[in-house]
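Next comes work.cif, with mmCIF, C-alpha atoms and all ligand atoms.
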```cif
data_coords
loop_
_atom_site.label_atom_id
_atom_site.label_comp_id
_atom_site.auth_asym_id
_atom_site.auth_seq_id
_atom_site.Cartn_x
_atom_site.Cartn_y
_atom_site.Cartn_z
CA MET Q 4 57.70 122.63 21.91
CA ASN Q 5 54.91 125.12 21.39
CA LEU Q 6 53.01 127.15 23.94
CA ALA Q 7 49.90 124.99 23.80
CA LYS Q 8 51.88 121.85 24.69
CA ALA Q 9 53.67 123.30 27.72
CA SER Q 10 51.57 123.06 30.85
CA VAL Q 11 53.21 125.23 33.44
CA LYS Q 12 51.62 126.32 36.71
CA PRO Q 13 50.92 130.06 36.79
CA VAL Q 14 53.49 132.02 38.79
CA ALA Q 15 52.65 135.30 40.55
CA ALA Q 16 54.16 138.31 38.80
CA ASP Q 17 56.31 139.17 41.83
CA ARG Q 18 57.86 135.65 41.79
CA LEU Q 19 58.63 135.64 38.07
CA PRO Q 20 62.11 137.25 38.31
CA GLU Q 21 63.15 134.61 40.86
CA LEU Q 22 61.89 131.82 38.57
CA LEU Q 23 63.81 133.30 35.64
CA ARG Q 24 67.00 133.63 37.66
CA ARG Q 25 66.87 130.16 39.19
CA MET Q 26 65.73 128.06 36.23
CA PRO Q 27 68.47 126.05 34.50
CA LYS Q 28 69.26 127.32 31.01
CA ALA Q 29 71.76 127.14 28.16
CA GLU Q 30 73.45 130.12 26.54
CA LEU Q 31 74.04 129.66 22.80
CA HIS Q 32 75.01 133.17 21.68
CA ILE Q 33 77.87 134.74 23.61
CA HIS Q 34 80.98 136.25 22.02
CA ILE Q 35 83.65 135.56 24.58
CA GLU Q 36 85.47 138.77 23.63
CA GLY Q 37 82.19 140.57 24.39
CA SER Q 38 82.38 139.36 27.99
CA LEU Q 39 85.58 141.37 28.66
CA GLU Q 40 84.57 143.79 31.39
CA PRO Q 41 86.35 147.19 31.45
CA GLU Q 42 88.08 146.24 34.74
CA LEU Q 43 89.60 143.14 33.09
CA ILE Q 44 90.55 145.14 29.98
CA PHE Q 45 92.52 147.52 32.20
CA ALA Q 46 94.09 144.70 34.24
CA LEU Q 47 95.22 142.85 31.09
CA ALA Q 48 96.48 146.10 29.51
CA ALA Q 49 98.64 146.70 32.60
CA ARG Q 50 99.86 143.08 32.67
CA ASN Q 51 100.80 143.16 28.97
CA GLY Q 52 102.03 146.75 28.70
CA VAL Q 53 99.31 147.67 26.18
CA GLN Q 54 98.44 151.36 25.89
CA LEU Q 55 94.69 152.05 25.88
CA PRO Q 56 93.11 155.18 24.37
CA TYR Q 57 91.06 155.63 27.59
CA ALA Q 58 92.35 157.03 30.88
CA SER Q 59 90.15 154.96 33.21
CA VAL Q 60 87.57 152.19 33.53
CA GLU Q 61 84.90 154.88 33.89
CA GLU Q 62 86.00 156.68 30.74
CA LEU Q 63 85.94 153.41 28.78
CA ARG Q 64 82.54 152.46 30.12
CA SER Q 65 81.13 155.87 29.26
CA ALA Q 66 82.11 155.24 25.62
CA TYR Q 67 79.60 152.36 25.51
CA ALA Q 68 76.83 154.34 23.83
CA PHE Q 69 76.11 152.76 20.47
CA SER Q 70 73.95 153.83 17.53
CA ASN Q 71 74.22 150.63 15.48
CA LEU Q 72 76.25 147.41 15.14
CA GLN Q 73 79.33 149.04 13.56
CA SER Q 74 79.63 151.69 16.28
CA PHE Q 75 79.82 148.83 18.79
CA LEU Q 76 82.21 146.66 16.76
CA ASP Q 77 84.81 149.47 16.58
CA ILE Q 78 85.06 149.58 20.40
CA TYR Q 79 84.73 145.80 20.79
CA TYR Q 80 87.72 145.05 18.51
CA ALA Q 81 89.76 147.75 20.31
CA GLY Q 82 88.95 146.14 23.69
CA ALA Q 83 90.21 142.76 22.46
CA SER Q 84 93.66 144.26 21.75
CA VAL Q 85 94.74 143.57 25.37
CA LEU Q 86 94.56 139.77 24.79
CA LEU Q 87 98.03 138.45 24.02
CA LYS Q 88 98.88 135.35 26.09
CA GLU Q 89 97.16 132.02 26.61
CA GLN Q 90 96.47 133.01 30.23
CA ASP Q 91 94.64 136.14 29.04
CA PHE Q 92 92.20 134.03 27.02
CA TYR Q 93 91.84 131.69 29.97
CA ASP Q 94 91.12 134.53 32.41
CA MET Q 95 88.55 136.10 30.09
CA ALA Q 96 86.66 132.83 29.58
CA ARG Q 97 86.94 131.90 33.25
CA ALA Q 98 85.38 135.21 34.32
CA TYR Q 99 82.47 134.67 31.93
CA LEU Q 100 81.92 131.05 33.00
CA VAL Q 101 81.85 131.99 36.70
CA ARG Q 102 79.31 134.71 35.90
CA ALA Q 103 77.20 132.41 33.71
CA ALA Q 104 77.16 129.64 36.34
CA ALA Q 105 75.88 132.21 38.87
CA ASP Q 106 72.95 132.81 36.47
CA ASN Q 107 72.22 129.05 36.44
CA VAL Q 108 73.54 128.62 32.92
CA VAL Q 109 74.40 124.90 32.88
CA HIS Q 110 75.62 124.67 29.28
CA THR Q 111 77.11 127.25 26.92
CA GLU Q 112 78.48 127.37 23.38
CA LEU Q 113 81.05 130.17 23.16
CA PHE Q 114 81.83 132.17 20.02
CA PHE Q 115 85.34 133.44 19.53
CA ASP Q 116 86.84 135.62 16.77
CA PRO Q 117 90.33 134.28 16.03
CA GLN Q 118 91.00 136.74 13.19
CA THR Q 119 90.85 139.61 15.69
CA HIS Q 120 93.82 138.01 17.44
CA THR Q 121 95.84 136.37 14.64
CA ALA Q 122 95.88 139.76 12.83
CA ARG Q 123 97.85 141.09 15.87
CA GLY Q 124 100.36 138.23 15.76
CA VAL Q 125 98.70 136.05 18.42
CA SER Q 126 98.75 132.39 17.35
CA MET Q 127 95.65 130.26 16.85
CA GLN Q 128 97.12 127.84 19.39
CA THR Q 129 97.35 130.55 22.07
CA VAL Q 130 93.73 131.54 21.54
CA ILE Q 131 92.19 128.07 21.39
CA GLN Q 132 94.26 126.50 24.15
CA GLY Q 133 93.51 129.31 26.60
CA LEU Q 134 89.78 129.17 25.91
CA HIS Q 135 89.68 125.37 25.90
CA ARG Q 136 91.48 125.08 29.23
CA ALA Q 137 88.92 127.42 30.79
CA CYS Q 138 86.10 125.24 29.40
CA VAL Q 139 87.64 122.06 30.82
CA ASP Q 140 88.22 123.61 34.27
CA ALA Q 141 84.68 125.03 34.35
CA GLN Q 142 83.16 121.60 33.86
CA GLY Q 143 85.04 120.22 36.85
CA GLU Q 144 84.95 123.24 39.14
CA LEU Q 145 81.69 125.05 38.28
CA GLY Q 146 79.55 122.20 36.88
CA ILE Q 147 78.91 124.06 33.60
CA SER Q 148 79.61 122.46 30.22
CA ALA Q 149 81.16 124.72 27.60
CA ALA Q 150 82.29 124.29 24.00
CA LEU Q 151 83.83 126.56 21.36
CA ILE Q 152 82.45 127.88 18.06
CA LEU Q 153 84.97 129.60 15.80
CA CYS Q 154 83.48 132.62 14.01
CA PHE Q 155 84.70 134.00 10.69
CA LEU Q 156 84.64 137.79 10.43
CA ARG Q 157 82.33 138.56 7.51
CA HIS Q 158 83.87 141.99 6.77
CA LEU Q 159 87.07 140.12 5.80
CA SER Q 160 87.51 138.07 2.62
CA GLU Q 161 86.64 134.49 1.75
CA GLU Q 162 90.36 133.85 1.30
CA GLU Q 163 91.10 135.04 4.83
CA ALA Q 164 88.34 132.80 6.16
CA PHE Q 165 89.91 129.81 4.38
CA GLU Q 166 93.33 130.69 5.87
CA THR Q 167 91.75 130.90 9.33
CA LEU Q 168 90.13 127.50 8.86
CA GLU Q 169 93.49 126.05 7.83
CA GLN Q 170 95.15 127.47 10.98
CA ALA Q 171 92.37 126.00 13.14
CA LEU Q 172 92.44 122.47 11.72
CA PRO Q 173 95.19 121.17 14.06
CA PHE Q 174 92.72 121.97 16.88
CA ARG Q 175 89.70 120.48 15.12
CA ASP Q 176 88.87 118.25 18.11
CA LEU Q 177 88.59 121.28 20.41
CA LEU Q 178 85.97 122.97 18.23
CA LEU Q 179 82.24 122.31 18.15
CA GLY Q 180 81.40 124.37 15.09
CA VAL Q 181 81.86 127.51 13.05
CA GLY Q 182 79.86 130.73 12.84
CA LEU Q 183 79.78 134.04 10.98
CA ASP Q 184 79.78 137.43 12.69
CA SER Q 185 80.86 141.12 12.46
CA GLY Q 186 79.31 143.79 10.20
CA GLU Q 187 76.32 142.21 8.51
CA VAL Q 188 74.93 144.67 5.97
CA GLY Q 189 76.92 144.44 2.71
CA ASN Q 190 78.50 141.11 3.74
CA PRO Q 191 75.81 138.56 2.84
CA PRO Q 192 76.10 134.88 3.75
CA GLU Q 193 76.79 133.87 0.14
CA LYS Q 194 80.26 135.46 0.42
CA PHE Q 195 81.17 132.45 2.61
CA ALA Q 196 79.24 129.66 0.85
CA ARG Q 197 82.40 127.75 -0.13
CA VAL Q 198 84.03 128.06 3.31
CA PHE Q 199 80.88 126.79 4.98
CA ALA Q 200 80.60 123.93 2.45
CA ARG Q 201 84.14 122.88 3.43
CA CYS Q 202 83.35 123.18 7.15
CA ARG Q 203 80.27 121.02 6.58
CA GLU Q 204 82.40 118.33 4.92
CA LEU Q 205 84.71 118.48 7.94
CA GLY Q 206 81.77 117.77 10.25
CA PHE Q 207 81.52 121.12 12.03
CA HIS Q 208 78.19 122.34 13.34
CA LEU Q 209 77.21 125.49 11.41
CA VAL Q 210 75.62 128.73 12.64
CA ALA Q 211 75.58 132.30 11.31
CA HIS Q 212 74.49 135.76 12.38
CA ALA Q 213 71.68 136.79 10.03
CA GLY Q 214 68.74 139.19 10.27
CA GLU Q 215 70.26 141.21 13.11
CA GLU Q 216 70.40 144.45 11.11
CA GLY Q 217 70.37 142.75 7.70
CA PRO Q 218 67.26 141.82 5.69
CA PRO Q 219 65.27 138.56 5.78
CA ALA Q 220 67.02 137.67 2.48
CA TYR Q 221 70.22 137.07 4.52
CA VAL Q 222 68.37 134.58 6.72
CA TRP Q 223 67.18 132.72 3.63
CA THR Q 224 70.69 132.51 2.19
CA ALA Q 225 72.19 131.51 5.55
CA LEU Q 226 69.72 128.60 5.53
CA ASP Q 227 69.81 127.64 1.86
CA LEU Q 228 73.42 128.38 0.87
CA LEU Q 229 75.37 128.06 4.11
CA LYS Q 230 73.05 125.32 5.43
CA VAL Q 231 73.29 126.57 9.01
CA GLU Q 232 71.55 124.73 11.84
CA ARG Q 233 70.78 127.86 13.90
CA ILE Q 234 70.37 131.55 13.09
CA ASP Q 235 72.03 134.03 15.44
CA HIS Q 236 69.63 136.92 16.10
CA GLY Q 237 67.22 136.48 13.15
CA VAL Q 238 64.83 139.07 14.57
CA GLN Q 239 64.29 140.67 11.14
CA SER Q 240 62.63 137.40 10.04
CA SER Q 241 59.29 138.68 11.34
CA LYS Q 242 59.16 140.98 8.28
CA ASP Q 243 58.78 137.92 5.99
CA ALA Q 244 55.79 135.61 6.59
CA ALA Q 245 57.14 132.84 4.34
CA LEU Q 246 60.44 132.89 6.22
CA MET Q 247 58.64 132.65 9.57
CA GLN Q 248 56.83 129.56 8.28
CA ARG Q 249 60.08 128.03 7.08
CA LEU Q 250 61.81 128.63 10.45
CA ALA Q 251 58.87 127.14 12.34
CA ARG Q 252 58.48 124.16 10.01
CA ASP Q 253 62.16 123.20 10.10
CA ARG Q 254 62.55 124.04 13.79
CA ILE Q 255 65.52 126.31 13.08
CA ALA Q 256 66.41 127.98 16.37
CA LEU Q 257 66.95 131.72 16.65
CA THR Q 258 69.45 132.82 19.29
CA VAL Q 259 67.82 136.12 20.22
CA CYS Q 260 69.68 138.73 22.29
CA PRO Q 261 67.20 141.33 23.58
CA LEU Q 262 69.57 143.69 25.45
CA SER Q 263 71.96 143.65 22.49
CA ASN Q 264 69.09 144.59 20.16
CA LEU Q 265 68.15 147.40 22.52
CA LYS Q 266 71.70 148.79 22.87
CA LEU Q 267 72.36 148.56 19.10
CA CYS Q 268 69.05 150.32 18.33
CA VAL Q 269 67.50 147.36 16.47
CA PHE Q 270 64.34 148.09 18.51
CA PRO Q 271 63.56 151.49 20.05
CA ASP Q 272 62.78 149.95 23.46
CA LEU Q 273 62.42 146.49 25.04
CA ALA Q 274 58.62 146.71 25.06
CA SER Q 275 58.77 146.79 21.24
CA HIS Q 276 60.95 143.68 21.01
CA ASN Q 277 59.44 140.90 18.89
CA LEU Q 278 60.47 137.92 21.06
CA ARG Q 279 56.85 137.26 21.97
CA GLN Q 280 55.80 137.40 18.32
CA LEU Q 281 58.50 134.85 17.43
CA LEU Q 282 57.38 132.49 20.21
CA ASP Q 283 53.70 132.89 19.38
CA ALA Q 284 54.48 131.97 15.77
CA GLY Q 285 55.94 128.68 17.04
CA LEU Q 286 59.60 129.51 16.40
CA VAL Q 287 62.35 127.92 18.49
CA ALA Q 288 63.52 131.22 19.98
CA THR Q 289 66.08 131.38 22.79
CA VAL Q 290 67.37 134.22 25.01
CA ASN Q 291 71.08 135.05 25.10
CA SER Q 292 73.44 137.87 26.09
CA ASP Q 293 75.63 138.36 22.93
CA ASP Q 294 78.25 140.74 24.42
CA PRO Q 295 77.22 141.13 28.06
CA ALA Q 296 80.07 143.40 29.16
CA TYR Q 297 79.06 145.95 26.52
CA PHE Q 298 75.27 145.67 26.58
CA GLY Q 299 74.65 145.96 30.30
CA GLY Q 300 73.55 142.48 31.18
CA TYR Q 301 74.26 138.75 31.38
CA MET Q 302 71.69 136.00 30.88
CA ASN Q 303 69.43 136.70 33.83
CA ASP Q 304 69.37 140.44 33.10
CA ASN Q 305 68.23 139.61 29.57
CA PHE Q 306 65.46 137.38 30.91
CA THR Q 307 64.21 139.60 33.73
CA GLN Q 308 64.30 142.90 31.81
CA THR Q 309 62.66 141.44 28.69
CA PHE Q 310 59.92 139.70 30.68
CA ALA Q 311 59.22 142.87 32.67
CA ALA Q 312 58.98 144.97 29.51
CA THR Q 313 56.93 142.60 27.35
CA GLY Q 314 54.68 140.78 29.83
CA LEU Q 315 55.95 137.28 29.03
CA THR Q 316 54.84 134.59 31.50
CA ALA Q 317 56.16 131.51 33.32
CA GLN Q 318 54.92 129.47 30.36
CA HIS Q 319 57.20 131.44 28.04
CA ALA Q 320 60.06 131.05 30.53
CA TYR Q 321 59.71 127.28 30.37
CA ILE Q 322 59.58 127.26 26.56
CA LEU Q 323 62.64 129.52 26.27
CA ALA Q 324 64.71 127.38 28.67
CA ARG Q 325 63.58 124.18 26.99
CA ASN Q 326 64.34 125.63 23.54
CA SER Q 327 67.85 126.51 24.74
CA PHE Q 328 68.59 122.84 25.46
CA GLU Q 329 66.83 121.54 22.36
CA ALA Q 330 68.71 123.98 20.11
CA SER Q 331 72.10 123.21 21.67
CA PHE Q 332 74.62 120.86 20.07
CA ILE Q 333 74.86 118.51 23.06
CA ASP Q 334 73.99 114.85 22.48
CA ALA Q 335 70.50 113.43 22.93
CA ALA Q 336 71.21 111.93 26.37
CA ALA Q 337 72.54 115.25 27.73
CA LYS Q 338 69.52 117.08 26.28
CA ARG Q 339 67.18 114.63 28.00
CA MET Q 340 69.02 115.04 31.32
CA HIS Q 341 68.84 118.85 31.17
CA ILE Q 342 65.16 118.84 30.16
CA ASP Q 343 64.29 116.39 32.95
CA ARG Q 344 66.00 118.72 35.44
CA LEU Q 345 64.16 121.69 33.96
CA ASN Q 346 60.82 119.88 34.32
CA GLU Q 347 61.66 119.01 37.92
CA PHE Q 348 62.57 122.64 38.64
CA PHE Q 349 59.25 123.89 37.27
CA GLU Q 350 57.29 121.23 39.16
CA LYS Q 351 58.93 122.16 42.46
CA PHE Q 352 58.96 125.95 42.06
CA GLN Q 353 56.36 127.64 44.23
N1 LIG Q 401 80.43 140.32 17.14
C1 LIG Q 401 80.20 140.50 18.44
N2 LIG Q 401 78.92 140.83 18.65
C2 LIG Q 401 78.31 140.83 17.45
C3 LIG Q 401 77.00 141.08 17.01
N3 LIG Q 401 76.01 141.41 17.85
N4 LIG Q 401 76.74 141.02 15.69
C4 LIG Q 401 77.71 140.71 14.82
N5 LIG Q 401 78.96 140.47 15.19
C5 LIG Q 401 79.27 140.53 16.49
ZN ZN Q 402 76.39 137.99 18.22
#
```
Represent the supplied structure as structure tokens.
Ligand code: ADE
Ligand code: ZN
Amino acid sequence: MNLAKASVKPVAADRLPELLRRMPKAELHIHIEGSLEPELIFALAARNGVQLPYASVEELRSAYAFSNLQSFLDIYYAGASVLLKEQDFYDMARAYLVRAAADNVVHTELFFDPQTHTARGVSMQTVIQGLHRACVDAQGELGISAALILCFLRHLSEEEAFETLEQALPFRDLLLGVGLDSGEVGNPPEKFARVFARCRELGFHLVAHAGEEGPPAYVWTALDLLKVERIDHGVQSSKDAALMQRLARDRIALTVCPLSNLKLCVFPDLASHNLRQLLDAGLVATVNSDDPAYFGGYMNDNFTQTFAATGLTAQHAYILARNSFEASFIDAAAKRMHIDRLNEFFEKFQ
């Protein structure tokens, strides 16, 4: 879907935030551990007798000032240390799903980092069952569909990724796909080419973080060697014209996370973000929250703040929401149903 093909009625600037908040949308790039709010971190620490290196919620929150991806990851992995029991994983995912449903997210594909937990002695079963149970309950109680994408930590070895895959295989049916996250620079996609080839044989959907801080070359290798179906972030692609053409031609979606890019200093301010450039070049860009508890905003905050800063319009809002359904891994009938509802919403909005 490109801009020229979408005919959307103009919406007055003062009504745009309401349109953005109310429109149905899918979230395709959310690390569930990145949805752990400081209040829940403290509650789980108390419940599990875990000692935190921060005296209060306020002190923890005031540590959320990041200079780059690694400065964030250090705090993010420390925050996840309070997760021990199946109910902890359930409570974390439940809190996110309630929050997402309030933002009119109707479908979401959740990343989780099992190696962060198995390294502390928490079993794969504990992690996956807690998260899965929250997804099942959310469908019935909140009307939001949710599925799980297991991410390999790219700062760890290929061997550790293979071990993680082995531990996850008994729960194969509860997993939609696999991804690749953590520190990008120095850990190129090719390090995991064999793991991803195996996951492909097993029928997993494949995604990878690439071109967040790393160069366009990492986006190329994520596509050509890992054979991913979506690129997470991918904002550095705009530095490479041939790559932009490839992404547009093959309709490879980018799961862009504007507030994350702002907080991790990928762009100096939101007005400089290249989301508009990506859309204007015909790329299947989407808007997502990444780690909302750490970056100061869930889905609707990402939409409203980015639109306010960059002057995007109702037309762009429609394209972004539509892209989110088209780029999701739901089946064709579910995509059609969501897009029909989106069309109806835009027709009725006034
Ligand atoms: N893990 C959680 N958030 C991440 C991000 N923005 N990039 C890479 N790994 C992550
Ligand atoms: Zn991410």
Would you list the contacts of stretch 291-297 of chain Q as an NGL selection string, taking every protein, DNA or RNA residue within 8 Å and counting only C-alpha atoms, but skipping same-chain residues closer than 2 positions in sequence? :Q and (30-41 or 67 or 258-263 or 289 or 299-302 or 305)
Dump C-alpha atoms for the selected residues as a PDB file, keeping the file's coordinate frame?
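Final file, selection.pdb:
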```
ATOM      1  CA  GLU Q  30      73.450 130.120  26.540  1.00  0.00           C
ATOM      2  CA  LEU Q  31      74.040 129.660  22.800  1.00  0.00           C
ATOM      3  CA  HIS Q  32      75.010 133.170  21.680  1.00  0.00           C
ATOM      4  CA  ILE Q  33      77.870 134.740  23.610  1.00  0.00           C
ATOM      5  CA  HIS Q  34      80.980 136.250  22.020  1.00  0.00           C
ATOM      6  CA  ILE Q  35      83.650 135.560  24.580  1.00  0.00           C
ATOM      7  CA  GLU Q  36      85.470 138.770  23.630  1.00  0.00           C
ATOM      8  CA  GLY Q  37      82.190 140.570  24.390  1.00  0.00           C
ATOM      9  CA  SER Q  38      82.380 139.360  27.990  1.00  0.00           C
ATOM     10  CA  LEU Q  39      85.580 141.370  28.660  1.00  0.00           C
ATOM     11  CA  GLU Q  40      84.570 143.790  31.390  1.00  0.00           C
ATOM     12  CA  PRO Q  41      86.350 147.190  31.450  1.00  0.00           C
ATOM     13  CA  TYR Q  67      79.600 152.360  25.510  1.00  0.00           C
ATOM     14  CA  THR Q 258      69.450 132.820  19.290  1.00  0.00           C
ATOM     15  CA  VAL Q 259      67.820 136.120  20.220  1.00  0.00           C
ATOM     16  CA  CYS Q 260      69.680 138.730  22.290  1.00  0.00           C
ATOM     17  CA  PRO Q 261      67.200 141.330  23.580  1.00  0.00           C
ATOM     18  CA  LEU Q 262      69.570 143.690  25.450  1.00  0.00           C
ATOM     19  CA  SER Q 263      71.960 143.650  22.490  1.00  0.00           C
ATOM     20  CA  THR Q 289      66.080 131.380  22.790  1.00  0.00           C
ATOM     21  CA  GLY Q 299      74.650 145.960  30.300  1.00  0.00           C
ATOM     22  CA  GLY Q 300      73.550 142.480  31.180  1.00  0.00           C
ATOM     23  CA  TYR Q 301      74.260 138.750  31.380  1.00  0.00           C
ATOM     24  CA  MET Q 302      71.690 136.000  30.880  1.00  0.00           C
ATOM     25  CA  ASN Q 305      68.230 139.610  29.570  1.00  0.00           C
TER      26      ASN Q 305
END
```
Padding 3 Å on each side, edges along x, y and z: where is the centre of the box around the listed atoms of ligand LIG 401 (chain Q), and how long are its edges in Å to one decimal? Output it as AutoDock Vina command-line options.
```
--center_x 78.2 --center_y 140.9 --center_z 16.7 --size_x 10.4 --size_y 7.1 --size_z 9.8
```
With a cut-off of 9 Å, could you pull out the residues of chain Q touching ligand LIG 401 (chain Q) and give me the nearest pair of atoms for each, distance in Å to one decimal, using all atoms listed in the file, ordered by chain and ascending number, as a tab-separated table?
```
residue	atom	partner	partner_atom	distance
Q:Ile33	CA	Q:LIG401	N2	7.9
Q:His34	CA	Q:LIG401	C1	5.6
Q:Ile35	CA	Q:LIG401	C1	8.6
Q:Glu36	CA	Q:LIG401	C1	7.6
Q:Gly37	CA	Q:LIG401	C1	6.3
Q:Leu72	CA	Q:LIG401	N4	6.4
Q:Gln73	CA	Q:LIG401	C4	8.6
Q:Phe75	CA	Q:LIG401	N2	8.1
Q:Leu76	CA	Q:LIG401	N1	6.6
Q:Tyr79	CA	Q:LIG401	C1	7.4
Q:Tyr80	CA	Q:LIG401	C1	8.8
Q:Phe114	CA	Q:LIG401	C1	8.6
Q:Phe115	CA	Q:LIG401	N1	8.8
Q:Asp116	CA	Q:LIG401	N1	8.0
Q:Cys154	CA	Q:LIG401	N1	8.9
Q:Leu156	CA	Q:LIG401	N5	7.9
Q:Arg157	CA	Q:LIG401	N5	8.6
Q:Leu183	CA	Q:LIG401	N5	7.7
Q:Asp184	CA	Q:LIG401	N5	4.0
Q:Ser185	CA	Q:LIG401	N5	3.4
Q:Gly186	CA	Q:LIG401	C4	5.8
Q:Glu187	CA	Q:LIG401	C4	6.6
Q:His212	CA	Q:LIG401	C4	6.4
Q:Ala213	CA	Q:LIG401	C4	8.6
Q:Glu215	CA	Q:LIG401	N4	7.0
Q:Glu216	CA	Q:LIG401	N4	8.5
Q:Asp235	CA	Q:LIG401	N4	8.4
Q:His236	CA	Q:LIG401	N3	8.0
Q:Cys260	CA	Q:LIG401	N3	8.2
Q:Ser263	CA	Q:LIG401	N3	6.6
Q:Asn264	CA	Q:LIG401	N3	8.0
Q:Leu267	CA	Q:LIG401	N3	8.1
Q:Asp293	CA	Q:LIG401	N2	5.9
Q:Asp294	CA	Q:LIG401	N2	5.8
```
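Here atom CA of Q:Thr119 stands at a distance of 15.7 Å from atom CA of Q:Val53.
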Need the shell around Q:Asn277: protein/DNA/RNA residues with any atom at most 12 Å away, counting all atoms listed in the file. Skip same-chain ones fewer than 3 positions apart. Format as a PyMOL selection string? chain Q and resi 236-242+259-261+264-265+269-274+280-284+286+288+309-310+312-315
Between atom CA of Q:Thr224 and atom CA of Q:Leu151, distance in Å (one decimal):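 We find that atom CA of Q:Thr224 and atom CA of Q:Leu151 lie 24.0 Å from each other.
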Within 10 Å of Q:Ile333, counting only C-alpha atoms, which residues qualify if same-chain residues fewer than 2 places away don't, as a short mmCIF file (atom, residue, chain, number, x, y, z; two decimals) with C-alpha atoms, in the frame of the given file?
```cif
data_model
loop_
_atom_site.label_atom_id
_atom_site.label_comp_id
_atom_site.auth_asym_id
_atom_site.auth_seq_id
_atom_site.Cartn_x
_atom_site.Cartn_y
_atom_site.Cartn_z
CA HIS Q 110 75.62 124.67 29.28
CA THR Q 111 77.11 127.25 26.92
CA GLU Q 112 78.48 127.37 23.38
CA SER Q 148 79.61 122.46 30.22
CA ALA Q 149 81.16 124.72 27.60
CA ALA Q 150 82.29 124.29 24.00
CA LEU Q 179 82.24 122.31 18.15
CA PHE Q 328 68.59 122.84 25.46
CA GLU Q 329 66.83 121.54 22.36
CA ALA Q 330 68.71 123.98 20.11
CA SER Q 331 72.10 123.21 21.67
CA ALA Q 335 70.50 113.43 22.93
CA ALA Q 336 71.21 111.93 26.37
CA ALA Q 337 72.54 115.25 27.73
CA LYS Q 338 69.52 117.08 26.28
CA ARG Q 339 67.18 114.63 28.00
#
```
Between Q:Leu250, Q:Ala324, Q:Ala211, Q:Ala244, single out the one closest to ligand ZN 402 (chain Q), counting only C-alpha atoms and all ligand atoms.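 Looking only at the distances to ligand ZN 402 (chain Q), the closest residue turns out to be Q:Ala211.
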For atom CA of Q:Glu161 and atom CA of Q:Phe195, quote the distance in Å rounded to one decimal. 5.9 Å
Among the residues Q:Ala196, Q:Ile234, Q:Leu22, Q:Ala137, the one that comes closest to ligand ZN 402 (chain Q) [using all atoms listed in the file]: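 Result for the nearest residue to ligand ZN 402 (chain Q): Q:Ile234.
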Counting all atoms listed in the file, which residues come within 10 Å of (76.1, 127.3, 11.4), with the point read in the file's coordinates, and could you list them as a list in words?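 Final list of nearby residues, as requested, is Ile152, Cys154, Gly180, Val181, Gly182, Leu183, Phe199, Cys202, Arg203, Phe207, His208, Leu209, Val210, Ala211, His212, Ala225, Leu226, Leu229, Lys230, Val231, Glu232, Arg233, Ile234 and Asp235 of chain Q.
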Selected residue, from Q:Val130, Q:Val14, Q:Ala171, Q:Ile44, that lies nearest to Q:Ala317 when counting all atoms listed in the file: Q:Val14
Long-range neighbours of stretch 91-101 of chain Q as a PyMOL selection string, 8 Å cut-off, all atoms listed in the file, 2 positions minimum in chain: chain Q and resi 35-36+38-39+43+47+86-89+103-105+129-130+133-138+141+145+147
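Among the candidate residues Q:Gln90, Q:Ser74, Q:Asn107, Q:Ser126, the one lying nearest to Q:Met26 is Q:Asn107, with distances computed using only C-alpha atoms.
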